[in-house]
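Q: Input file: data_27.cif. Contents: mmCIF, C-alpha atoms, pLDDT in the B column; chains and numbers go by the auth columns.
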data_protein
loop_
_atom_site.group_PDB
_atom_site.id
_atom_site.type_symbol
_atom_site.label_atom_id
_atom_site.label_comp_id
_atom_site.label_asym_id
_atom_site.label_seq_id
_atom_site.Cartn_x
_atom_site.Cartn_y
_atom_site.Cartn_z
_atom_site.B_iso_or_equiv
_atom_site.auth_seq_id
_atom_site.auth_asym_id
ATOM 1 C CA VAL A 1 -10.101 7.017 4.623 96.00 76 A
ATOM 2 C CA LYS A 2 -13.135 6.629 2.343 97.00 77 A
ATOM 3 C CA VAL A 3 -14.582 3.399 0.964 98.00 78 A
ATOM 4 C CA LEU A 4 -16.927 4.021 -1.955 98.00 79 A
ATOM 5 C CA CYS A 5 -19.288 1.808 -3.904 98.00 80 A
ATOM 6 C CA ILE A 6 -18.905 3.205 -7.414 98.00 81 A
ATOM 7 C CA ASP A 7 -20.684 2.085 -10.561 98.00 82 A
ATOM 8 C CA TRP A 8 -18.970 0.495 -13.542 98.00 83 A
ATOM 9 C CA GLU A 9 -19.122 3.634 -15.700 97.00 84 A
ATOM 10 C CA THR A 10 -17.175 5.567 -13.047 98.00 85 A
ATOM 11 C CA ALA A 11 -14.666 2.747 -12.504 98.00 86 A
ATOM 12 C CA ASN A 12 -14.208 2.406 -16.269 97.00 87 A
ATOM 13 C CA ALA A 13 -13.323 6.085 -16.526 97.00 88 A
ATOM 14 C CA ILE A 14 -10.954 6.020 -13.541 96.00 89 A
ATOM 15 C CA LEU A 15 -9.033 2.757 -13.983 96.00 90 A
ATOM 16 C CA LYS A 16 -6.741 3.326 -16.931 96.00 91 A
ATOM 17 C CA ASN A 17 -5.067 0.505 -18.829 96.00 92 A
ATOM 18 C CA PHE A 18 -1.563 -0.491 -17.724 95.00 93 A
ATOM 19 C CA THR A 19 -1.632 1.591 -14.548 92.00 94 A
ATOM 20 C CA PRO A 20 -0.830 -0.559 -11.483 95.00 95 A
ATOM 21 C CA PHE A 21 -3.119 -0.531 -8.466 97.00 96 A
ATOM 22 C CA ARG A 22 -3.585 -2.561 -5.299 98.00 97 A
ATOM 23 C CA ILE A 23 -6.413 -4.955 -4.529 98.00 98 A
ATOM 24 C CA ILE A 24 -7.063 -6.098 -0.961 98.00 99 A
ATOM 25 C CA ASP A 25 -8.943 -9.368 -0.509 98.00 100 A
ATOM 26 C CA ILE A 26 -11.238 -8.669 2.433 98.00 101 A
ATOM 27 C CA LYS A 27 -11.583 -12.201 3.765 97.00 102 A
ATOM 28 C CA SER A 28 -7.885 -13.174 3.689 97.00 103 A
ATOM 29 C CA GLY A 29 -6.296 -9.723 4.038 98.00 104 A
ATOM 30 C CA ILE A 30 -3.908 -10.557 1.177 98.00 105 A
ATOM 31 C CA CYS A 31 -2.914 -7.638 -1.056 98.00 106 A
ATOM 32 C CA ILE A 32 -1.983 -7.996 -4.712 98.00 107 A
ATOM 33 C CA PHE A 33 -0.833 -5.488 -7.273 98.00 108 A
ATOM 34 C CA VAL A 34 -2.513 -5.656 -10.648 98.00 109 A
ATOM 35 C CA GLU A 35 -3.032 -3.546 -13.731 97.00 110 A
ATOM 36 C CA ARG A 36 -5.981 -3.217 -16.043 97.00 111 A
ATOM 37 C CA VAL A 37 -5.357 -4.702 -19.473 96.00 112 A
ATOM 38 C CA GLY A 38 -8.770 -4.068 -21.013 96.00 113 A
ATOM 39 C CA GLY A 39 -12.420 -4.907 -20.650 95.00 114 A
ATOM 40 C CA LYS A 40 -15.551 -3.052 -21.733 94.00 115 A
ATOM 41 C CA ASN A 41 -18.219 -4.550 -19.434 96.00 116 A
ATOM 42 C CA HIS A 42 -15.882 -4.908 -16.449 98.00 117 A
ATOM 43 C CA ALA A 43 -12.135 -4.544 -15.898 98.00 118 A
ATOM 44 C CA ASP A 44 -9.872 -7.259 -17.252 97.00 119 A
ATOM 45 C CA ILE A 45 -6.810 -7.282 -15.012 97.00 120 A
ATOM 46 C CA GLU A 46 -3.517 -9.127 -14.590 97.00 121 A
ATOM 47 C CA THR A 47 -1.069 -9.389 -11.752 97.00 122 A
ATOM 48 C CA ILE A 48 1.953 -7.152 -12.311 97.00 123 A
ATOM 49 C CA ASP A 49 4.545 -9.902 -11.784 97.00 124 A
ATOM 50 C CA GLN A 50 5.152 -13.508 -10.729 96.00 125 A
ATOM 51 C CA ASN A 51 5.287 -12.613 -7.027 97.00 126 A
ATOM 52 C CA ASN A 52 1.784 -11.151 -7.183 97.00 127 A
ATOM 53 C CA THR A 53 0.587 -14.205 -9.115 97.00 128 A
ATOM 54 C CA MET A 54 1.792 -16.325 -6.188 97.00 129 A
ATOM 55 C CA LEU A 55 -0.088 -14.062 -3.756 98.00 130 A
ATOM 56 C CA LEU A 56 -3.213 -14.418 -5.900 97.00 131 A
ATOM 57 C CA ALA A 57 -2.820 -18.201 -5.636 97.00 132 A
ATOM 58 C CA GLU A 58 -2.778 -17.861 -1.831 97.00 133 A
ATOM 59 C CA ILE A 59 -6.131 -16.068 -1.929 97.00 134 A
ATOM 60 C CA TYR A 60 -7.619 -19.055 -3.757 96.00 135 A
ATOM 61 C CA ASP A 61 -5.758 -21.746 -1.780 95.00 136 A
ATOM 62 C CA GLY A 62 -3.559 -22.550 -4.764 93.00 137 A
ATOM 63 C CA VAL A 63 -6.427 -23.445 -7.103 92.00 138 A
ATOM 64 C CA PRO A 64 -7.608 -21.009 -9.802 91.00 139 A
ATOM 65 C CA SER A 65 -11.306 -20.433 -9.255 95.00 140 A
ATOM 66 C CA TRP A 66 -14.304 -18.586 -10.631 94.00 141 A
ATOM 67 C CA GLU A 67 -15.303 -17.975 -7.002 96.00 142 A
ATOM 68 C CA ARG A 68 -16.166 -14.326 -6.522 98.00 143 A
ATOM 69 C CA ARG A 69 -14.234 -12.577 -3.739 98.00 144 A
ATOM 70 C CA PRO A 70 -15.134 -9.234 -2.135 98.00 145 A
ATOM 71 C CA VAL A 71 -12.214 -6.838 -2.479 98.00 146 A
ATOM 72 C CA PHE A 72 -11.185 -3.244 -1.967 98.00 147 A
ATOM 73 C CA VAL A 73 -9.479 -1.476 -4.879 98.00 148 A
ATOM 74 C CA GLU A 74 -7.065 1.251 -3.802 98.00 149 A
ATOM 75 C CA TYR A 75 -7.608 4.416 -5.819 95.00 150 A
ATOM 76 C CA ASP A 76 -5.232 6.524 -3.749 92.00 151 A
ATOM 77 C CA GLU A 77 -3.937 6.100 -0.223 89.00 152 A
ATOM 78 C CA ASN A 78 -7.172 7.411 1.300 94.00 153 A
ATOM 79 C CA VAL A 79 -9.832 6.218 -1.183 98.00 154 A
ATOM 80 C CA PHE A 80 -10.880 2.632 -1.848 98.00 155 A
ATOM 81 C CA PHE A 81 -13.581 1.172 -4.096 98.00 156 A
ATOM 82 C CA CYS A 82 -15.731 -1.883 -3.385 98.00 157 A
ATOM 83 C CA ALA A 83 -15.366 -4.569 -6.054 98.00 158 A
ATOM 84 C CA SER A 84 -15.542 -8.293 -6.765 98.00 159 A
ATOM 85 C CA LEU A 85 -12.725 -10.456 -8.134 98.00 160 A
ATOM 86 C CA ALA A 86 -13.013 -13.732 -10.059 96.00 161 A
ATOM 87 C CA GLY A 87 -9.705 -15.586 -9.757 94.00 162 A
ATOM 88 C CA PHE A 88 -9.701 -17.872 -12.799 94.00 163 A
ATOM 89 C CA PRO A 89 -7.163 -16.771 -15.434 95.00 164 A
ATOM 90 C CA HIS A 90 -8.663 -16.988 -18.910 95.00 165 A
ATOM 91 C CA GLY A 91 -8.285 -15.446 -22.334 92.00 166 A
ATOM 92 C CA GLU A 92 -5.252 -13.488 -23.430 88.00 167 A
ATOM 93 C CA ASN A 93 -2.284 -12.835 -21.143 88.00 168 A
ATOM 94 C CA LYS A 94 -0.334 -9.647 -21.841 88.00 169 A
ATOM 95 C CA GLY A 95 2.183 -9.620 -18.982 82.00 170 A
ATOM 96 C CA GLU A 96 5.158 -11.742 -17.984 87.00 171 A
ATOM 97 C CA ASN A 97 3.606 -12.929 -14.752 94.00 172 A
ATOM 98 C CA ASP A 98 2.943 -16.700 -15.175 93.00 173 A
ATOM 99 C CA LEU A 99 -0.771 -15.968 -14.796 94.00 174 A
ATOM 100 C CA GLY A 100 -1.913 -17.662 -18.009 93.00 175 A
ATOM 101 C CA GLY A 101 -4.693 -15.200 -18.825 95.00 176 A
ATOM 102 C CA HIS A 102 -6.509 -12.271 -17.287 96.00 177 A
ATOM 103 C CA LEU A 103 -8.901 -11.971 -14.334 97.00 178 A
ATOM 104 C CA CYS A 104 -12.252 -10.213 -14.067 97.00 179 A
ATOM 105 C CA LEU A 105 -12.828 -7.323 -11.677 98.00 180 A
ATOM 106 C CA HIS A 106 -16.444 -6.207 -11.306 98.00 181 A
ATOM 107 C CA PHE A 107 -18.050 -3.060 -9.924 98.00 182 A
ATOM 108 C CA LYS A 108 -21.659 -2.079 -9.270 98.00 183 A
ATOM 109 C CA GLY A 109 -23.638 -2.709 -12.442 97.00 184 A
ATOM 110 C CA SER A 110 -20.819 -4.252 -14.467 98.00 185 A
ATOM 111 C CA LYS A 111 -21.582 -7.164 -16.787 97.00 186 A
ATOM 112 C CA THR A 112 -19.943 -10.455 -17.702 94.00 187 A
ATOM 113 C CA HIS A 113 -18.223 -11.248 -21.008 85.00 188 A
ATOM 114 C CA GLY A 114 -20.392 -14.204 -21.899 83.00 189 A
ATOM 115 C CA THR A 115 -23.939 -13.327 -20.880 87.00 190 A
ATOM 116 C CA GLN A 116 -23.622 -9.555 -21.205 90.00 191 A
ATOM 117 C CA SER A 117 -25.648 -9.337 -17.991 96.00 192 A
ATOM 118 C CA VAL A 118 -25.063 -8.254 -14.404 97.00 193 A
ATOM 119 C CA ASP A 119 -23.767 -11.191 -12.332 96.00 194 A
ATOM 120 C CA ASP A 120 -25.625 -11.557 -9.033 97.00 195 A
ATOM 121 C CA ALA A 121 -22.683 -13.257 -7.285 97.00 196 A
ATOM 122 C CA HIS A 122 -20.365 -10.356 -8.154 98.00 197 A
ATOM 123 C CA GLN A 123 -22.961 -7.853 -6.980 98.00 198 A
ATOM 124 C CA ARG A 124 -23.333 -9.705 -3.656 98.00 199 A
ATOM 125 C CA CYS A 125 -19.561 -9.491 -3.137 98.00 200 A
ATOM 126 C CA ILE A 126 -19.615 -5.760 -3.853 98.00 201 A
ATOM 127 C CA LYS A 127 -22.403 -5.322 -1.297 98.00 202 A
ATOM 128 C CA TYR A 128 -20.419 -7.442 1.179 98.00 203 A
ATOM 129 C CA ALA A 129 -17.390 -5.192 0.662 98.00 204 A
ATOM 130 C CA TYR A 130 -19.468 -2.089 1.312 98.00 205 A
ATOM 131 C CA LYS A 131 -21.107 -3.607 4.382 98.00 206 A
ATOM 132 C CA HIS A 132 -17.633 -4.450 5.738 98.00 207 A
ATOM 133 C CA ARG A 133 -16.046 -1.142 4.702 98.00 208 A
ATOM 134 C CA ASN A 134 -14.870 -0.411 8.242 97.00 209 A
ATOM 135 C CA GLU A 135 -12.543 -3.403 8.019 96.00 210 A
ATOM 136 C CA ILE A 136 -10.351 -1.316 5.721 96.00 211 A
ATOM 137 C CA TYR A 137 -8.660 0.093 8.818 95.00 212 A
ATOM 138 C CA SER A 138 -7.344 -3.334 9.832 95.00 213 A
ATOM 139 C CA LEU A 139 -6.266 -4.150 6.258 95.00 214 A
ATOM 140 C CA ILE A 140 -4.217 -1.113 5.283 91.00 215 A
#
Take the structure in the file and give it back as C-alpha cells.
A:
Amino acid sequence: VKVLCIDWETANAILKNFTPFRIIDIKSGICIFVERVGGKNHADIETIDQNNTMLLAEIYDGVPSWERRPVFVEYDENVFFCASLAGFPHGENKGENDLGGHLCLHFKGSKTHGTQSVDDAHQRCIKYAYKHRNEIYSLI
C-alpha cells in the first residue's frame, strides 16, 4: 500500500468527473463514496447517494461545517492520496443525494474558490494525513 502526497495539478488530471471514489476520514475512520462534479482550483465533490450523505454527517457530528478534515483518497486498492475535506455543502448540487450542494476537496497547492489562494488550514490537514500515512493499514 502506498500513500502519496500529490499536488493539485496531478490530482486534477487523475480525478475525472463523475467517477466514484472512496474518501477515508482519518480521525473518525468513516469512509464515504463521492464523485467529482467539477472544480478548477480544487475538486468539487458530492456524495454518491443519500446513505453516503448520512455518513458524511457522522464525520461532522451531524452539523455541516467548513472545518477541514485530513482524509485519504483511494485511487486504487493499493494507492491513496493525502487530501483535505471541507464538509459544508454549498453551490450547485448535481446528484440526488440530499446533500444540498457540493463539497471541497483540496490537495497540495490547491486554491479556494473565493480567494484564489492556497488555504493554510487545508494544507495543514494534507500534511497531517501524510504524517499519519501509516494509519492507512488500520483504516482499510
Q: If I take atom CA of A:Arg208 and atom CA of A:Thr190, how far is one from the other in Å, to one decimal?
A: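 We find that atom CA of A:Arg208 and atom CA of A:Thr190 lie 29.4 Å from each other.
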Q: Using all atoms listed in the file, which residues sit within 9 Å of A:Cys157 once same-chain residues fewer than 3 positions away are excluded, as number ranges by chain?
A: A: 78-81, 145-148, 182-183, 200-205, 208
Q: How many Å lie between atom CA of A:Gly104 and atom CA of A:Asn116, rounded to one decimal?
A: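 Those two atoms sit 26.8 Å apart.
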Q: Skipping near chain neighbours, those fewer than 4 positions away, what residues fall within 10 Å of A:Asn168 using all atoms listed in the file, listed as a list in words?
A: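 Skipping anything fewer than 4 positions along the chain leaves Val112, Ile120, Glu121, Pro164, Asn172, Asp173, Leu174, Gly175, Gly176, His177 and Leu178 of chain A.
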Q: Enumerate, as a PyMOL selection string, the protein, DNA and RNA residues whose atoms approach (-18.1, -15.8, -18.1) to within 10 Å, taking into account all atoms listed in the file and the coordinate frame of the file.
A: chain A and resi 141+161+165+179+186-192+194
Q: Translate the PyMOL selection byres ((chain A and resi 103) around 10) into a concrete residue list for this structure, as a list in words.
A: Ile99, Asp100, Ile101, Lys102, Gly104, Ile105, Cys106, Glu133, Ile134, Tyr135, Arg144, Val146 and Leu214 of chain A
Q: Report, as JSON, the axis-aligned box around all atoms of stretch 191-194 of chain A present in the file, extended by 8 Å on each side; give centre and edge lengths in Å to one decimal place.
A:
{"center_x": -24.6, "center_y": -9.7, "center_z": -16.8, "size_x": 18.0, "size_y": 18.9, "size_z": 24.9}
Q: Would you mind reading off the distance between atom CA of A:Phe156 and atom CA of A:Val138, one decimal, in Å?
A: 25.8 Å
Q: Write out as a PyMOL selection string which residues come within 10 Å of A:Gln125 when counting all atoms listed in the file, dropping same-chain ones fewer than 2 positions away.
A: chain A and resi 122-123+127-131+170-174
Q: Please determine, counting all atoms listed in the file, which residue among A:Asp151, A:Gly162, A:Glu167, A:His181 has the shortest atom-to-atom distance to A:Asn87.
A: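 Comparing A:Asp151, A:Gly162, A:Glu167, A:His181 against A:Asn87, the winner is A:His181.
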Q: Using all atoms listed in the file, which of the listed residues (A:Pro139, A:Ile211, A:Ile98, A:Asp82) sits closest to A:Asn153?
A: A:Ile211
Q: Using all atoms listed in the file, find the one residue out of A:Ile89, A:Val109, A:Glu210, A:Arg97 that sits nearest to A:Glu152.
A: A:Arg97
Q: Could you check the closest approach to A:Ala132 for each of A:Leu180, A:Ala118, A:Ile107, A:Val154 and tell me which residue wins, using all atoms listed in the file?
A: A:Ile107
Q: Would you mind telling me which residue in A:Arg143, A:Gln198, A:Arg111, A:Ile215 lies nearest to A:Pro95 when using only C-alpha atoms?
A: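 Checking each candidate against A:Pro95, we get A:Arg111 as the closest.
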Q: Can I get a file of stretch 129-150 of chain A from the given structure, N, CA, C and O atoms kept, as a PDB file, in the first residue's frame?
A:
ATOM      1  N   MET A 129     -25.462  10.644   4.748  1.00  0.00           N
ATOM      2  CA  MET A 129     -25.632  10.388   6.180  1.00  0.00           C
ATOM      3  C   MET A 129     -24.294  10.063   6.845  1.00  0.00           C
ATOM      4  O   MET A 129     -24.023  10.496   7.965  1.00  0.00           O
ATOM      5  N   LEU A 130     -23.437   9.315   6.147  1.00  0.00           N
ATOM      6  CA  LEU A 130     -22.107   9.017   6.690  1.00  0.00           C
ATOM      7  C   LEU A 130     -21.265  10.288   6.796  1.00  0.00           C
ATOM      8  O   LEU A 130     -20.536  10.472   7.777  1.00  0.00           O
ATOM      9  N   LEU A 131     -21.381  11.167   5.805  1.00  0.00           N
ATOM     10  CA  LEU A 131     -20.692  12.453   5.863  1.00  0.00           C
ATOM     11  C   LEU A 131     -21.147  13.224   7.106  1.00  0.00           C
ATOM     12  O   LEU A 131     -20.321  13.815   7.817  1.00  0.00           O
ATOM     13  N   ALA A 132     -22.442  13.212   7.372  1.00  0.00           N
ATOM     14  CA  ALA A 132     -22.970  13.908   8.551  1.00  0.00           C
ATOM     15  C   ALA A 132     -22.356  13.350   9.834  1.00  0.00           C
ATOM     16  O   ALA A 132     -22.074  14.104  10.774  1.00  0.00           O
ATOM     17  N   GLU A 133     -22.112  12.046   9.884  1.00  0.00           N
ATOM     18  CA  GLU A 133     -21.469  11.446  11.057  1.00  0.00           C
ATOM     19  C   GLU A 133     -20.060  11.994  11.266  1.00  0.00           C
ATOM     20  O   GLU A 133     -19.639  12.226  12.400  1.00  0.00           O
ATOM     21  N   ILE A 134     -19.336  12.209  10.181  1.00  0.00           N
ATOM     22  CA  ILE A 134     -17.979  12.748  10.286  1.00  0.00           C
ATOM     23  C   ILE A 134     -18.009  14.103  10.987  1.00  0.00           C
ATOM     24  O   ILE A 134     -17.154  14.409  11.803  1.00  0.00           O
ATOM     25  N   TYR A 135     -19.026  14.898  10.679  1.00  0.00           N
ATOM     26  CA  TYR A 135     -19.136  16.252  11.215  1.00  0.00           C
ATOM     27  C   TYR A 135     -20.151  16.351  12.357  1.00  0.00           C
ATOM     28  O   TYR A 135     -20.682  17.426  12.614  1.00  0.00           O
ATOM     29  N   ASP A 136     -20.402  15.243  13.029  1.00  0.00           N
ATOM     30  CA  ASP A 136     -21.322  15.218  14.176  1.00  0.00           C
ATOM     31  C   ASP A 136     -22.682  15.820  13.849  1.00  0.00           C
ATOM     32  O   ASP A 136     -23.289  16.506  14.675  1.00  0.00           O
ATOM     33  N   GLY A 137     -23.147  15.583  12.638  1.00  0.00           N
ATOM     34  CA  GLY A 137     -24.486  15.997  12.234  1.00  0.00           C
ATOM     35  C   GLY A 137     -24.635  17.448  11.843  1.00  0.00           C
ATOM     36  O   GLY A 137     -25.730  17.883  11.492  1.00  0.00           O
ATOM     37  N   VAL A 138     -23.550  18.222  11.889  1.00  0.00           N
ATOM     38  CA  VAL A 138     -23.630  19.652  11.591  1.00  0.00           C
ATOM     39  C   VAL A 138     -22.701  19.977  10.425  1.00  0.00           C
ATOM     40  O   VAL A 138     -21.477  19.820  10.556  1.00  0.00           O
ATOM     41  N   PRO A 139     -23.243  20.423   9.282  1.00  0.00           N
ATOM     42  CA  PRO A 139     -22.355  20.811   8.179  1.00  0.00           C
ATOM     43  C   PRO A 139     -21.339  21.837   8.669  1.00  0.00           C
ATOM     44  O   PRO A 139     -21.663  22.726   9.462  1.00  0.00           O
ATOM     45  N   SER A 140     -20.103  21.704   8.206  1.00  0.00           N
ATOM     46  CA  SER A 140     -19.043  22.547   8.748  1.00  0.00           C
ATOM     47  C   SER A 140     -17.976  22.823   7.698  1.00  0.00           C
ATOM     48  O   SER A 140     -17.672  21.974   6.871  1.00  0.00           O
ATOM     49  N   TRP A 141     -17.391  24.016   7.794  1.00  0.00           N
ATOM     50  CA  TRP A 141     -16.245  24.360   6.965  1.00  0.00           C
ATOM     51  C   TRP A 141     -14.960  23.799   7.556  1.00  0.00           C
ATOM     52  O   TRP A 141     -13.882  23.974   6.978  1.00  0.00           O
ATOM     53  N   GLU A 142     -15.063  23.125   8.703  1.00  0.00           N
ATOM     54  CA  GLU A 142     -13.869  22.529   9.319  1.00  0.00           C
ATOM     55  C   GLU A 142     -13.150  21.647   8.301  1.00  0.00           C
ATOM     56  O   GLU A 142     -13.762  20.822   7.629  1.00  0.00           O
ATOM     57  N   ARG A 143     -11.859  21.828   8.219  1.00  0.00           N
ATOM     58  CA  ARG A 143     -11.045  20.994   7.329  1.00  0.00           C
ATOM     59  C   ARG A 143     -10.735  19.685   8.039  1.00  0.00           C
ATOM     60  O   ARG A 143     -10.409  19.677   9.225  1.00  0.00           O
ATOM     61  N   ARG A 144     -10.830  18.579   7.293  1.00  0.00           N
ATOM     62  CA  ARG A 144     -10.566  17.250   7.857  1.00  0.00           C
ATOM     63  C   ARG A 144      -9.488  16.563   7.015  1.00  0.00           C
ATOM     64  O   ARG A 144      -9.587  16.529   5.778  1.00  0.00           O
ATOM     65  N   PRO A 145      -8.472  15.991   7.643  1.00  0.00           N
ATOM     66  CA  PRO A 145      -7.484  15.219   6.889  1.00  0.00           C
ATOM     67  C   PRO A 145      -8.100  13.901   6.427  1.00  0.00           C
ATOM     68  O   PRO A 145      -8.753  13.208   7.217  1.00  0.00           O
ATOM     69  N   VAL A 146      -7.907  13.592   5.156  1.00  0.00           N
ATOM     70  CA  VAL A 146      -8.505  12.393   4.575  1.00  0.00           C
ATOM     71  C   VAL A 146      -7.513  11.693   3.650  1.00  0.00           C
ATOM     72  O   VAL A 146      -6.550  12.297   3.179  1.00  0.00           O
ATOM     73  N   PHE A 147      -7.812  10.421   3.408  1.00  0.00           N
ATOM     74  CA  PHE A 147      -7.135   9.666   2.356  1.00  0.00           C
ATOM     75  C   PHE A 147      -8.137   9.465   1.223  1.00  0.00           C
ATOM     76  O   PHE A 147      -9.292   9.114   1.461  1.00  0.00           O
ATOM     77  N   VAL A 148      -7.685   9.678  -0.002  1.00  0.00           N
ATOM     78  CA  VAL A 148      -8.488   9.450  -1.199  1.00  0.00           C
ATOM     79  C   VAL A 148      -7.976   8.170  -1.842  1.00  0.00           C
ATOM     80  O   VAL A 148      -6.786   8.073  -2.167  1.00  0.00           O
ATOM     81  N   GLU A 149      -8.858   7.202  -2.031  1.00  0.00           N
ATOM     82  CA  GLU A 149      -8.443   5.935  -2.635  1.00  0.00           C
ATOM     83  C   GLU A 149      -8.385   6.082  -4.148  1.00  0.00           C
ATOM     84  O   GLU A 149      -9.394   6.375  -4.793  1.00  0.00           O
ATOM     85  N   TYR A 150      -7.197   5.873  -4.693  1.00  0.00           N
ATOM     86  CA  TYR A 150      -7.010   5.924  -6.146  1.00  0.00           C
ATOM     87  C   TYR A 150      -7.230   4.531  -6.738  1.00  0.00           C
ATOM     88  O   TYR A 150      -7.941   4.368  -7.717  1.00  0.00           O
TER      89      TYR A 150
END
